[in-house]
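Engineer: Provided below: work_1.txt, containing compact mmCIF, C-alpha atoms.
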# COMPACT_ATOMS: atom_id res chain seq x y z
CA MET A 23 -6.73 -29.64 -15.64
CA THR A 24 -8.62 -30.23 -12.42
CA VAL A 25 -7.36 -29.29 -8.98
CA ALA A 26 -6.81 -32.97 -8.23
CA GLU A 27 -4.57 -33.24 -11.30
CA LEU A 28 -2.68 -30.10 -10.31
CA GLN A 29 -2.17 -31.45 -6.81
CA GLU A 30 -0.83 -34.71 -8.19
CA ARG A 31 1.63 -32.87 -10.45
CA ILE A 32 2.81 -30.75 -7.52
CA TRP A 33 3.28 -33.74 -5.24
CA THR A 34 5.12 -35.66 -7.95
CA ARG A 35 7.58 -32.80 -8.35
CA LEU A 36 8.04 -32.64 -4.61
CA ASP A 37 8.58 -36.40 -4.35
CA GLU A 38 5.49 -36.64 -2.15
CA ASP A 39 3.38 -39.79 -1.98
CA THR A 40 0.49 -38.92 -4.31
CA ALA A 41 -1.80 -41.59 -2.83
CA THR A 42 -1.39 -40.57 0.81
CA PRO A 43 0.36 -37.18 0.94
CA THR A 44 1.62 -36.43 4.42
CA PHE A 45 4.24 -33.69 4.31
CA TYR A 46 2.28 -31.50 1.87
CA THR A 47 -1.37 -32.12 2.74
CA PRO A 48 -4.24 -31.73 0.25
CA ALA A 49 -5.58 -28.76 2.23
CA GLU A 50 -2.37 -26.72 2.19
CA THR A 51 -1.72 -27.64 -1.44
CA LEU A 52 -5.21 -26.38 -2.28
CA THR A 53 -4.50 -23.13 -0.41
CA ALA A 54 -1.29 -22.67 -2.40
CA ILE A 55 -3.13 -23.25 -5.71
CA ASN A 56 -5.83 -20.76 -4.69
CA TRP A 57 -3.17 -18.16 -3.82
CA ALA A 58 -1.48 -18.78 -7.17
CA GLN A 59 -4.66 -18.48 -9.21
CA ARG A 60 -5.87 -15.31 -7.46
CA LEU A 61 -2.48 -13.61 -7.85
CA PHE A 62 -2.38 -14.64 -11.52
CA VAL A 63 -5.83 -13.18 -12.12
CA LEU A 64 -5.01 -9.95 -10.25
CA LEU A 65 -1.90 -9.46 -12.37
CA THR A 66 -3.54 -10.34 -15.69
CA LEU A 67 -7.23 -9.35 -15.28
CA GLN A 68 -7.84 -12.39 -17.44
CA LEU A 69 -11.34 -13.16 -16.19
CA GLU A 70 -14.30 -10.91 -16.97
CA THR A 71 -18.06 -10.97 -16.53
CA THR A 72 -20.92 -9.01 -18.06
CA ALA A 73 -23.83 -8.26 -15.74
CA VAL A 74 -26.79 -5.91 -15.53
CA PHE A 75 -26.77 -3.59 -12.54
CA ASN A 76 -29.94 -1.73 -11.53
CA LEU A 77 -29.35 1.83 -10.37
CA SER A 78 -31.37 3.06 -7.41
CA PRO A 79 -33.15 6.41 -7.70
CA GLY A 80 -31.29 9.19 -5.91
CA VAL A 81 -28.21 7.08 -5.21
CA THR A 82 -24.85 8.32 -6.49
CA TRP A 83 -22.37 6.06 -4.68
CA TYR A 84 -22.25 2.28 -4.81
CA ASN A 85 -20.06 -0.42 -3.27
CA MET A 86 -19.87 -3.00 -6.02
CA LEU A 87 -18.59 -5.87 -3.86
CA THR A 88 -22.01 -5.89 -2.20
CA THR A 89 -23.63 -6.92 -5.48
CA PHE A 90 -20.69 -8.57 -7.23
CA PRO A 91 -18.48 -10.36 -4.67
CA ASP A 92 -15.93 -11.22 -7.37
CA TRP A 93 -15.49 -7.57 -8.46
CA ILE A 94 -11.99 -6.29 -9.30
CA ALA A 95 -12.42 -3.32 -11.66
CA PRO A 96 -14.86 -2.03 -14.29
CA LEU A 97 -13.87 -2.61 -17.92
CA GLU A 98 -16.87 -1.09 -19.67
CA ILE A 99 -20.19 0.38 -18.53
CA ARG A 100 -23.15 1.12 -20.82
CA VAL A 101 -26.64 2.30 -20.04
CA VAL A 102 -29.04 -0.48 -21.00
CA GLY A 103 -30.74 0.86 -24.11
CA GLY A 104 -28.41 3.86 -24.11
CA GLY A 105 -24.81 4.88 -24.66
CA LYS A 106 -21.47 4.20 -23.09
CA VAL A 107 -20.77 5.57 -19.61
CA ARG A 108 -17.28 7.07 -19.78
CA PRO A 109 -14.65 6.81 -17.02
CA ALA A 110 -13.72 10.03 -15.27
CA ARG A 111 -11.78 11.28 -12.27
CA LEU A 112 -13.48 12.81 -9.27
CA ASP A 113 -11.62 16.08 -9.86
CA ASP A 114 -12.96 16.18 -13.42
CA LEU A 115 -16.56 15.84 -12.23
CA ASP A 116 -16.10 18.51 -9.54
CA ALA A 117 -14.51 20.84 -12.09
CA ARG A 118 -17.39 20.41 -14.53
CA ASN A 119 -20.11 20.83 -11.96
CA ALA A 120 -19.59 21.20 -8.21
CA GLN A 121 -23.13 19.89 -7.67
CA TRP A 122 -22.85 16.82 -9.92
CA GLU A 123 -23.84 14.58 -7.00
CA ALA A 124 -27.32 16.09 -7.16
CA ALA A 125 -27.68 15.91 -10.95
CA LEU A 126 -30.43 13.64 -12.28
CA GLY A 127 -30.58 11.75 -15.57
CA PRO A 128 -29.13 8.79 -17.42
CA PRO A 129 -25.50 8.28 -16.35
CA VAL A 130 -22.87 9.72 -18.69
CA ARG A 131 -19.72 9.33 -16.59
CA TYR A 132 -18.54 7.12 -13.76
CA VAL A 133 -15.75 7.24 -11.20
CA HIS A 134 -14.08 4.15 -9.74
CA ILE A 135 -12.13 4.61 -6.49
CA GLY A 136 -10.57 1.99 -4.24
CA PHE A 137 -11.57 -1.68 -4.35
CA ASP A 138 -15.16 -1.12 -5.30
CA THR A 139 -16.47 2.44 -4.83
CA LEU A 140 -18.34 3.57 -7.93
CA ALA A 141 -20.16 6.87 -8.51
CA PHE A 142 -22.40 7.77 -11.44
CA ASP A 143 -22.87 11.26 -12.90
CA PRO A 144 -25.70 12.06 -13.21
CA HIS A 145 -27.50 9.57 -11.02
CA ALA A 146 -30.71 7.76 -11.88
CA MET A 147 -33.96 9.67 -11.37
CA ASP A 148 -36.16 6.57 -11.26
CA GLY A 149 -35.88 2.85 -10.66
CA ALA A 150 -35.97 2.03 -14.35
CA THR A 151 -32.32 2.79 -15.15
CA SER A 152 -29.94 -0.12 -15.50
CA VAL A 153 -26.37 -0.33 -16.69
CA SER A 154 -24.59 -3.22 -18.31
CA ILE A 155 -21.20 -3.64 -16.67
CA VAL A 156 -18.27 -5.62 -18.00
CA TYR A 157 -15.92 -6.07 -15.08
CA ALA A 158 -12.68 -7.87 -14.37
CA ARG A 159 -13.49 -10.51 -11.83
CA ALA A 160 -11.74 -12.72 -9.32
CA PRO A 161 -11.87 -16.49 -9.67
CA ALA A 162 -14.13 -18.59 -7.48
CA VAL A 163 -12.43 -20.28 -4.55
CA LEU A 164 -11.26 -23.70 -5.73
CA SER A 165 -12.19 -26.97 -4.11
CA ALA A 166 -10.55 -30.34 -4.63
CA LEU A 167 -13.10 -31.21 -7.31
CA SER A 168 -13.09 -27.98 -9.29
CA THR A 169 -11.09 -26.70 -12.24
CA PRO A 170 -9.12 -23.43 -12.22
CA GLU A 171 -10.90 -20.73 -14.21
CA ILE A 172 -7.82 -19.25 -15.88
CA ALA A 173 -7.15 -20.44 -19.42
CA GLU A 174 -5.93 -24.03 -19.43
CA GLU A 175 -2.64 -23.18 -21.11
CA TYR A 176 -1.70 -21.25 -17.98
CA HIS A 177 -2.52 -24.04 -15.51
CA PRO A 178 1.15 -25.16 -15.33
CA ALA A 179 1.95 -21.68 -14.00
CA LEU A 180 -0.14 -22.53 -10.94
CA VAL A 181 2.19 -25.47 -10.28
CA ASP A 182 5.16 -23.11 -10.60
CA ALA A 183 3.77 -20.75 -7.96
CA ALA A 184 2.36 -23.38 -5.60
CA ILE A 185 5.67 -25.24 -5.15
CA PRO A 186 7.62 -22.34 -3.59
CA PHE A 187 4.60 -21.50 -1.42
CA LEU A 188 4.70 -25.08 -0.11
CA ARG A 189 8.47 -25.22 0.26
CA ALA A 190 8.61 -22.00 2.26
CA LYS A 191 8.08 -23.94 5.48
CA GLU A 192 11.31 -25.84 4.81
CA GLY A 193 13.36 -22.74 4.12
CA GLY A 194 17.06 -22.92 3.25
CA GLN A 195 18.10 -24.74 0.11
CA GLU A 196 14.67 -26.32 -0.39
CA LEU A 197 13.05 -22.93 -0.74
CA ALA A 198 15.97 -21.47 -2.70
CA LYS A 199 15.69 -24.27 -5.26
CA SER A 200 12.07 -23.37 -5.96
CA VAL A 201 12.18 -19.56 -5.98
CA GLY A 202 13.09 -19.65 -9.66
CA LEU A 203 9.74 -21.31 -10.33
CA PHE A 204 8.02 -18.27 -8.89
CA GLU A 205 9.97 -16.06 -11.28
CA ARG A 206 8.76 -18.24 -14.12
CA PHE A 207 5.19 -17.89 -12.81
CA LEU A 208 5.57 -14.10 -12.92
CA GLU A 209 7.03 -14.23 -16.41
CA THR A 210 4.05 -16.30 -17.54
CA ALA A 211 1.71 -13.79 -15.88
CA ARG A 212 3.48 -10.98 -17.72
CA THR A 213 2.90 -12.57 -21.12
CA ALA A 214 -0.70 -13.36 -20.21
CA ALA A 215 -1.22 -9.75 -19.11
CA GLU A 216 0.16 -8.48 -22.42
CA PHE A 217 -2.30 -10.70 -24.24
CA THR A 218 -5.19 -9.42 -22.11
CA ARG A 219 -3.99 -5.82 -22.56
CA ALA A 220 -4.12 -6.18 -26.34
CA ARG A 221 -7.58 -7.72 -26.12
CA ASN A 222 -8.86 -4.97 -23.82
CA LYS A 223 -7.45 -2.22 -26.04
CA ALA A 224 -9.10 -3.80 -29.07
CA SER A 225 -12.38 -3.86 -27.15
CA ARG A 226 -11.92 -0.20 -26.13
CA TYR A 227 -12.17 -1.20 -22.50
CA ASP A 228 -11.54 1.40 -19.80
CA ARG A 229 -8.91 -0.63 -17.97
CA THR A 230 -5.89 -2.74 -18.85
CA PRO A 231 -3.85 -5.09 -16.65
CA VAL A 232 -0.94 -3.98 -14.52
CA GLU A 233 2.21 -3.44 -16.57
CA LEU A 234 4.41 -6.09 -15.04
CA GLN A 235 7.48 -5.13 -17.03
CA ARG A 236 7.52 -1.84 -15.10
CA GLN A 237 7.51 -3.57 -11.75
CA ASP A 238 10.57 -3.97 -9.62
CA ARG A 239 10.99 -7.70 -9.15
CA SER A 240 14.60 -7.55 -8.07
CA ARG A 241 13.71 -8.29 -4.44
CA LEU A 242 12.20 -11.58 -5.48
CA LEU A 243 15.58 -13.18 -5.92
CA ASP A 244 16.71 -15.24 -3.03
CA PRO A 245 19.73 -13.54 -1.39
CA ALA A 246 21.87 -16.58 -2.14
CA ARG A 247 21.03 -16.29 -5.83
CA ARG A 248 21.04 -12.52 -6.12
CA GLY A 249 22.97 -11.47 -9.18
CA ARG A 250 22.76 -14.89 -10.85
CA LYS A 251 20.10 -15.57 -13.42
CA ASP A 252 18.69 -19.01 -13.97
CA ALA A 253 17.81 -18.26 -17.56
CA TRP A 254 16.45 -21.71 -18.26
CA LEU A 255 13.66 -21.13 -15.73
CA LEU A 256 12.48 -18.02 -17.53
CA ALA A 257 12.18 -19.71 -20.91
CA MET B 26 -17.94 -12.11 0.00
CA PRO B 27 -16.21 -10.32 2.86
CA VAL B 28 -12.85 -11.72 3.91
CA ASP B 29 -12.95 -13.82 7.09
CA VAL B 30 -9.63 -12.82 8.66
CA GLY B 31 -9.84 -15.57 11.30
CA ALA B 32 -10.15 -18.22 8.58
CA VAL B 33 -7.27 -16.63 6.64
CA VAL B 34 -5.00 -16.91 9.69
CA ASP B 35 -6.09 -20.49 10.41
CA GLU B 36 -4.99 -21.45 6.88
CA LEU B 37 -1.45 -20.22 7.61
CA TYR B 38 -0.51 -22.89 10.16
CA PRO B 39 0.73 -25.49 7.62
CA PHE B 40 2.96 -22.84 6.05
CA LEU B 41 4.52 -22.38 9.48
CA GLY B 42 5.16 -26.10 9.77
CA SER B 43 2.17 -26.90 11.96
CA TYR B 44 -1.31 -28.33 11.50
CA SER B 45 -2.98 -26.72 14.51
CA GLU B 46 -2.65 -23.62 16.64
CA ALA B 47 -1.52 -25.72 19.61
CA ALA B 48 1.37 -27.13 17.59
CA LEU B 49 2.69 -23.77 16.38
CA LEU B 50 6.41 -23.59 17.13
CA ALA B 51 6.92 -19.96 18.06
CA TRP B 52 3.66 -18.09 17.54
CA ASP B 53 0.02 -18.13 18.56
CA ARG B 54 -3.17 -17.15 16.74
CA ALA B 55 -3.44 -13.74 18.43
CA GLU B 56 0.08 -12.89 17.32
CA LEU B 57 -0.67 -13.89 13.73
CA LEU B 58 -3.83 -11.77 13.83
CA ARG B 59 -1.79 -8.78 15.01
CA LEU B 60 0.63 -9.32 12.14
CA ALA B 61 -2.28 -9.53 9.71
CA ASP B 62 -3.58 -6.28 11.16
CA GLU B 63 -0.19 -4.63 10.56
CA GLY B 64 -0.35 -5.89 7.00
CA SER B 65 -3.82 -4.47 6.46
CA LYS B 66 -2.69 -1.04 7.66
CA ARG B 67 0.37 -1.21 5.43
CA LEU B 68 -1.73 -2.04 2.37
CA ALA B 69 -4.22 0.71 3.20
CA ARG B 70 -1.39 3.22 3.56
CA LEU B 71 0.48 2.20 0.41
CA SER B 72 -2.55 1.85 -1.85
CA GLY B 73 -5.87 3.59 -2.15
CA ALA B 74 -7.75 0.31 -1.86
CA PHE B 75 -9.95 1.12 1.13
CA VAL B 76 -12.36 4.00 0.54
CA GLU B 77 -15.15 4.97 2.91
CA ARG B 78 -17.80 7.69 3.15
CA ALA B 79 -18.97 9.45 6.29
CA SER B 80 -21.49 12.22 6.97
CA THR B 81 -21.97 14.59 9.87
CA PRO B 82 -24.42 17.47 10.44
CA LEU B 83 -23.06 20.95 9.82
CA ALA B 84 -23.42 23.02 12.98
CA VAL B 85 -24.07 26.78 13.08
CA GLY B 86 -20.93 28.73 13.99
CA VAL B 87 -18.69 25.65 14.01
CA ALA B 88 -15.68 25.59 11.68
CA GLU B 89 -13.71 22.59 12.94
CA TYR B 90 -14.87 18.97 12.60
CA ASP B 91 -13.37 15.60 13.47
CA LYS B 92 -12.01 13.40 10.75
CA PRO B 93 -13.77 10.02 10.67
CA ALA B 94 -12.34 7.05 12.55
CA ARG B 95 -9.53 5.17 10.77
CA HIS B 96 -9.05 8.12 8.39
CA LEU B 97 -5.85 8.07 6.32
CA SER B 98 -6.36 10.82 3.76
CA THR B 99 -9.21 12.92 2.46
CA ILE B 100 -10.36 12.40 -1.12
CA ARG B 101 -13.27 14.80 -1.22
CA VAL B 102 -15.40 16.94 1.10
CA SER B 103 -18.89 18.11 0.17
CA ALA B 104 -21.69 20.02 1.85
CA ASP B 105 -25.19 19.05 0.79
CA GLU B 106 -23.88 17.41 -2.39
CA THR B 107 -21.82 20.46 -3.38
CA ALA B 108 -18.07 19.91 -3.56
CA LEU B 109 -15.89 22.04 -1.30
CA ARG B 110 -12.56 23.07 -2.77
CA ALA B 111 -9.40 22.34 -0.80
CA THR B 112 -7.55 25.41 0.41
CA THR B 113 -4.88 26.52 2.90
CA ARG B 114 -4.71 28.98 5.79
CA GLN B 115 -2.41 31.15 3.68
CA GLN B 116 -5.01 31.47 0.93
CA LEU B 117 -7.73 32.26 3.46
CA GLU B 118 -5.58 35.01 5.00
CA ALA B 119 -5.29 36.52 1.54
CA LEU B 120 -9.02 36.12 0.92
CA ASP B 121 -10.39 37.54 4.17
CA ALA B 122 -8.41 39.03 7.09
CA ASP B 123 -11.15 37.93 9.49
CA TRP B 124 -11.71 34.53 7.92
CA PRO B 125 -12.04 32.58 11.22
CA ALA B 126 -15.22 34.52 12.00
CA ALA B 127 -16.76 34.41 8.51
CA GLU B 128 -20.26 32.92 8.22
CA ALA B 129 -22.50 32.19 5.22
CA ALA B 130 -25.40 30.01 4.11
CA ALA B 131 -23.02 27.24 3.01
CA PRO B 132 -19.28 26.52 3.23
CA THR B 133 -17.26 26.56 0.02
CA LEU B 134 -13.75 25.57 1.11
CA HIS B 135 -12.10 23.06 3.42
CA PHE B 136 -8.59 22.49 4.74
CA GLN B 137 -6.72 20.16 7.08
CA SER B 138 -6.40 21.30 10.68
CA GLY B 139 -3.94 19.00 12.40
CA PRO B 140 -3.82 15.22 12.19
CA ASP B 141 -7.40 14.49 13.24
CA LYS B 142 -9.44 17.63 12.41
CA PHE B 143 -10.43 19.61 9.38
CA ARG B 144 -12.07 23.02 8.98
CA VAL B 145 -14.63 24.43 6.61
CA PHE B 146 -14.89 28.03 5.42
CA PRO B 147 -17.07 29.95 5.95
CA MET B 148 -18.99 28.61 8.95
CA LEU B 149 -22.72 28.03 8.72
CA GLU B 150 -24.77 31.08 9.66
CA ALA B 151 -27.72 31.01 12.06
CA GLY B 152 -30.98 29.55 10.78
CA VAL B 153 -29.37 27.25 8.22
CA SER B 154 -28.68 23.51 8.40
CA GLY B 155 -26.72 21.14 6.26
CA THR B 156 -24.77 17.89 6.02
CA LEU B 157 -21.06 17.52 5.59
CA SER B 158 -19.86 14.42 3.71
CA GLN B 159 -16.38 13.07 3.40
CA LEU B 160 -14.93 10.53 1.01
CA PHE B 161 -11.68 9.27 2.44
CA HIS B 162 -9.04 6.57 2.41
CA ALA B 163 -9.18 4.44 5.55
CA TYR B 164 -7.67 1.32 7.00
CA PRO B 165 -10.02 -1.61 7.64
CA ALA B 166 -11.46 -2.37 11.07
CA GLY B 167 -11.65 -5.72 12.77
CA VAL B 168 -8.53 -7.39 11.38
CA ASP B 169 -6.78 -7.88 14.73
CA SER B 170 -9.88 -9.53 16.17
CA GLY B 171 -10.20 -11.95 13.26
CA GLY B 172 -13.42 -10.36 12.04
CA MET B 173 -14.93 -9.91 8.60
CA VAL B 174 -13.56 -7.23 6.24
CA ALA B 175 -15.42 -6.01 3.18
CA ALA B 176 -12.70 -6.62 0.60
CA PRO B 177 -11.96 -9.03 -2.24
CA ASP B 178 -10.34 -12.41 -1.52
CA PHE B 179 -6.99 -10.97 -2.66
CA PHE B 180 -6.89 -8.95 0.54
CA GLY B 181 -6.92 -12.14 2.61
CA ASP B 182 -4.01 -13.50 0.59
CA TYR B 183 -2.04 -10.28 1.11
CA ILE B 184 -2.41 -10.14 4.89
CA GLY B 185 -1.64 -13.86 5.06
CA TRP B 186 1.64 -13.42 3.17
CA TYR B 187 2.49 -10.41 5.29
CA ALA B 188 1.85 -12.35 8.51
CA LEU B 189 3.94 -15.31 7.26
CA SER B 190 6.80 -12.99 6.34
CA GLU B 191 6.85 -11.22 9.69
CA ALA B 192 6.36 -14.46 11.64
CA ARG B 193 9.38 -15.99 9.93
CA ARG B 194 11.39 -12.84 10.62
CA LYS B 195 10.73 -13.06 14.37
CA GLU B 196 13.73 -13.99 16.51
CA SER B 197 12.66 -17.48 17.57
CA ASP B 198 13.14 -21.19 16.94
CA GLY B 199 10.86 -20.74 13.95
CA ALA B 200 12.89 -17.95 12.36
CA MET B 201 13.56 -18.40 8.64
CA PRO B 202 14.85 -15.15 7.15
CA GLU B 203 14.89 -16.64 3.65
CA ALA B 204 11.19 -17.58 3.91
CA ALA B 205 10.49 -14.10 5.31
CA ASP B 206 12.23 -12.59 2.27
CA PHE B 207 10.28 -14.81 -0.11
CA PHE B 208 6.88 -13.87 1.29
CA ALA B 209 7.94 -10.22 1.46
CA SER B 210 8.72 -10.43 -2.23
CA VAL B 211 5.31 -11.93 -2.96
CA PHE B 212 3.36 -9.32 -1.01
CA GLY B 213 5.64 -6.70 -2.59
CA ILE B 214 4.43 -7.80 -6.03
CA PHE B 215 0.85 -7.48 -4.76
CA GLU B 216 1.55 -3.96 -3.44
CA GLN B 217 2.88 -2.84 -6.80
CA ALA B 218 -0.23 -4.19 -8.51
CA ALA B 219 -2.46 -2.59 -5.85
CA ARG B 220 -0.91 0.84 -6.40
CA ASP B 221 -1.42 0.45 -10.14
CA LEU B 222 -5.05 -0.63 -9.78
CA TRP B 223 -6.23 1.50 -6.86
CA GLY B 224 -3.76 4.38 -6.64
CA ALA B 225 -2.14 5.62 -3.43
CA SER B 226 -3.67 6.93 -0.21
CA GLN B 227 -0.74 8.82 1.28
Turn the structure described in the file into structure tokens.

Structural biologist:
Amino acid sequence: MTVAELQERIWTRLDEDTATPTFYTPAETLTAINWAQRLFVLLTLQLETTAVFNLSPGVTWYNMLTTFPDWIAPLEIRVVGGGKVRPARLDDLDARNAQWEAALGPPVRYVHIGFDTLAFDPHAMDGATSVSIVYARAPAVLSALSTPEIAEEYHPALVDAAIPFLRAKEGGQELAKSVGLFERFLETARTAAEFTRARNKASRYDRTPVELQRQDRSRLLDPARRGRKDAWLLA
Amino acid sequence: MPVDVGAVVDELYPFLGSYSEAALLAWDRAELLRLADEGSKRLARLSGAFVERASTPLAVGVAEYDKPARHLSTIRVSADETALRATTRQQLEALDADWPAAEAAAPTLHFQSGPDKFRVFPMLEAGVSGTLSQLFHAYPAGVDSGGMVAAPDFFGDYIGWYALSEARRKESDGAMPEAADFFASVFGIFEQAARDLWGASQ
């Protein structure tokens, strides 16, 4: 489904003129779809990329967003022509060797901290060391002519999330009527994340998606609807 | 790509019922930028998303050093690529009765010394030099001025939802507590995911 098709479906559900939308403009509808897709990908880690990353001699710390602007988190790192680089915690590296930052050789372990800080232990001694990184990535920003990158079967979830984003400016009953759609979006994201989690475990990846079933979503309910479940929306 | 905070805020106008800054009902761009800035600090505090590194020369006979600007919490301190272990004043008292005056070729321990300083033990002795490095959680700079922030696109979405929530909570003709609650719920979901992915900073 293209963005144009998604926009048309959203406008149809909102009783907007699909030929000349005025109350929900194409630009704000596109923003809402972009928000929806990025949140979906963050919650599911559904998109991944494999890329070769050249290590610089004498450099231990890297900011991966500089090289990979769509970086979310590493899933697997291997030395090109060598073995797997295992994930570790900073405390583990310090406990093994307080001077690990100065150690030279092919990387054996890595640490990921924050959005994109990555450290390798040991670090490369020459410019010939490269690692192959599989990383969870963010989707490209959508334009009116593009197609969302998440799997097509989840495209309707973007409609579910975009409608309450758009109705928020109306507030009151109009927003309340659509909040259930956002719950359905989250439920869809939960099932997609479970699917990705199973896939990542089978691939022996270092990272799995957020466990949505452990999250407190109780605040999501509109105060007027708190305590009442619209079960049909969660189906 | 770094997040252009100014562009993020400009995209919020339609969700506040306006198509330009001039037509905003109860807010202006500077106010929305301040709200986005509050959101960025909240995210930085609740998650360990923003990590920075800073280095400073070790000085002979100096034990106390400033924490870097925008510091939230220390992850690691090292001297010349050797990790310093975290300690407390109580442990130092037990280790050496005259610990404030102790000097050596390199420090081995560090501890917090008030909100904006930290100390190393022992101090560097005369004739030796070194570099002190810190890895720390920080909050991003430049959000309130609408600048660029080195962060994924998700960060722009988060501060946008935070600003929308707080804007709708403001006592004004544009107040919509239900919309404020909705956006608070959305950025709350993001915060839970952020803590899971990037840990906590405080």

Engineer: With a cut-off of 8 Å and counting only C-alpha atoms, select all residues of chain A in contact with chain B and give the selection as a PyMOL selection string.

Structural biologist: chain A and resi 50+53+57+60-61+64-65+87-88+91-94+116+120-124+135-137+139+160+187-188+190-194+197+201+232+237+239+241-242+244-245

Engineer: Find the residues around Trp83 in chain A up to 6 Å (all atoms listed in the file counted), leave out those fewer than 2 positions away in its own chain, and share them as a PyMOL selection string.

Structural biologist: chain A and resi 81+140-141

Engineer: Quick one: residues within 7 Å of Tyr227 in chain A, all atoms listed in the file counted, chain neighbours fewer than 3 positions away excluded, as a PyMOL selection string?

Structural biologist: chain A and resi 97-98+222-223

Engineer: List the spatial neighbours of range 145-149 of chain A as a ChimeraX atom specification - criterion: any atom at most 7 Å away, all atoms listed in the file, same-chain residues fewer than 4 positions off excluded.

Structural biologist: /A:77-82,125-129

Engineer: Report as a VMD selection string all protein, DNA and RNA residues lying within 10 Å of Lys92 in chain B, evaluated on only C-alpha atoms, omitting residues in the same chain fewer than 2 positions from it.

Structural biologist: chain B and resid 79 89 to 90 94 to 99 137 to 144 159 161

Engineer: Can you pull out every residue within 8 Å of Thr51 in chain A, counting only C-alpha atoms, but drop anything in the same chain fewer than 3 positions away, and send it as a PDB file with C-alpha atoms, in the frame of the given file?

Structural biologist:
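Okay, this is what ended up in selection.pdb:
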ATOM      1  CA  GLN A  29      -2.170 -31.450  -6.810  1.00  0.00           C
ATOM      2  CA  TYR A  46       2.280 -31.500   1.870  1.00  0.00           C
ATOM      3  CA  THR A  47      -1.370 -32.120   2.740  1.00  0.00           C
ATOM      4  CA  PRO A  48      -4.240 -31.730   0.250  1.00  0.00           C
ATOM      5  CA  ALA A  54      -1.290 -22.670  -2.400  1.00  0.00           C
ATOM      6  CA  ILE A  55      -3.130 -23.250  -5.710  1.00  0.00           C
ATOM      7  CA  ALA A 184       2.360 -23.380  -5.600  1.00  0.00           C
ATOM      8  CA  LEU A 188       4.700 -25.080  -0.110  1.00  0.00           C
TER       9      LEU A 188
END

Engineer: I'd like to know which of B:Leu50, B:Leu58, B:Ala88, B:Ala131 is closest to Gly31 in chain B, using all atoms listed in the file.

Structural biologist: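 Nearest candidate to Gly31 in chain B out of B:Leu50, B:Leu58, B:Ala88, B:Ala131: B:Leu58.
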
Engineer: Could you check which of B:Gly155, B:Gly86, B:Pro93, B:Pro165 is closest to Ala126 in chain B, using only C-alpha atoms?

Structural biologist: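 Checking each candidate against Ala126 in chain B, we get B:Gly86 as the closest.
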
Engineer: Between CA of Ala215 in chain A and CA of Val74 in chain A, what is the spacing in Å?

Structural biologist: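 Atom-to-atom, CA of Val74 in chain A and CA of Ala215 in chain A are spaced 26.1 Å apart.
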
Engineer: Work out how far apart CA of Glu150 in chain B and CA of Pro132 in chain B are and give it in Å to one decimal.

Structural biologist: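 Spanning CA of Glu150 in chain B to CA of Pro132 in chain B is a straight-line distance of 9.6 Å.
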
Engineer: Expressed in Å to a single decimal, how great is the separation between CA of Ser168 in chain A and CA of Ala214 in chain A?

Structural biologist: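 So the answer is 22.1 Å.
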
Engineer: Please return as a compact mmCIF listing (two decimals) with C-alpha atoms, keeping the file's coordinate frame every residue within 9 Å of (-8.7, -4.9, 12.4), taking into account all atoms listed in the file and the file's own coordinates.

Structural biologist:
# COMPACT_ATOMS: atom_id res chain seq x y z
CA VAL B 30 -9.63 -12.82 8.66
CA LEU B 58 -3.83 -11.77 13.83
CA ARG B 59 -1.79 -8.78 15.01
CA ALA B 61 -2.28 -9.53 9.71
CA ASP B 62 -3.58 -6.28 11.16
CA GLU B 63 -0.19 -4.63 10.56
CA SER B 65 -3.82 -4.47 6.46
CA LYS B 66 -2.69 -1.04 7.66
CA TYR B 164 -7.67 1.32 7.00
CA PRO B 165 -10.02 -1.61 7.64
CA ALA B 166 -11.46 -2.37 11.07
CA GLY B 167 -11.65 -5.72 12.77
CA VAL B 168 -8.53 -7.39 11.38
CA ASP B 169 -6.78 -7.88 14.73
CA SER B 170 -9.88 -9.53 16.17
CA GLY B 171 -10.20 -11.95 13.26
CA GLY B 172 -13.42 -10.36 12.04
CA MET B 173 -14.93 -9.91 8.60
CA VAL B 174 -13.56 -7.23 6.24
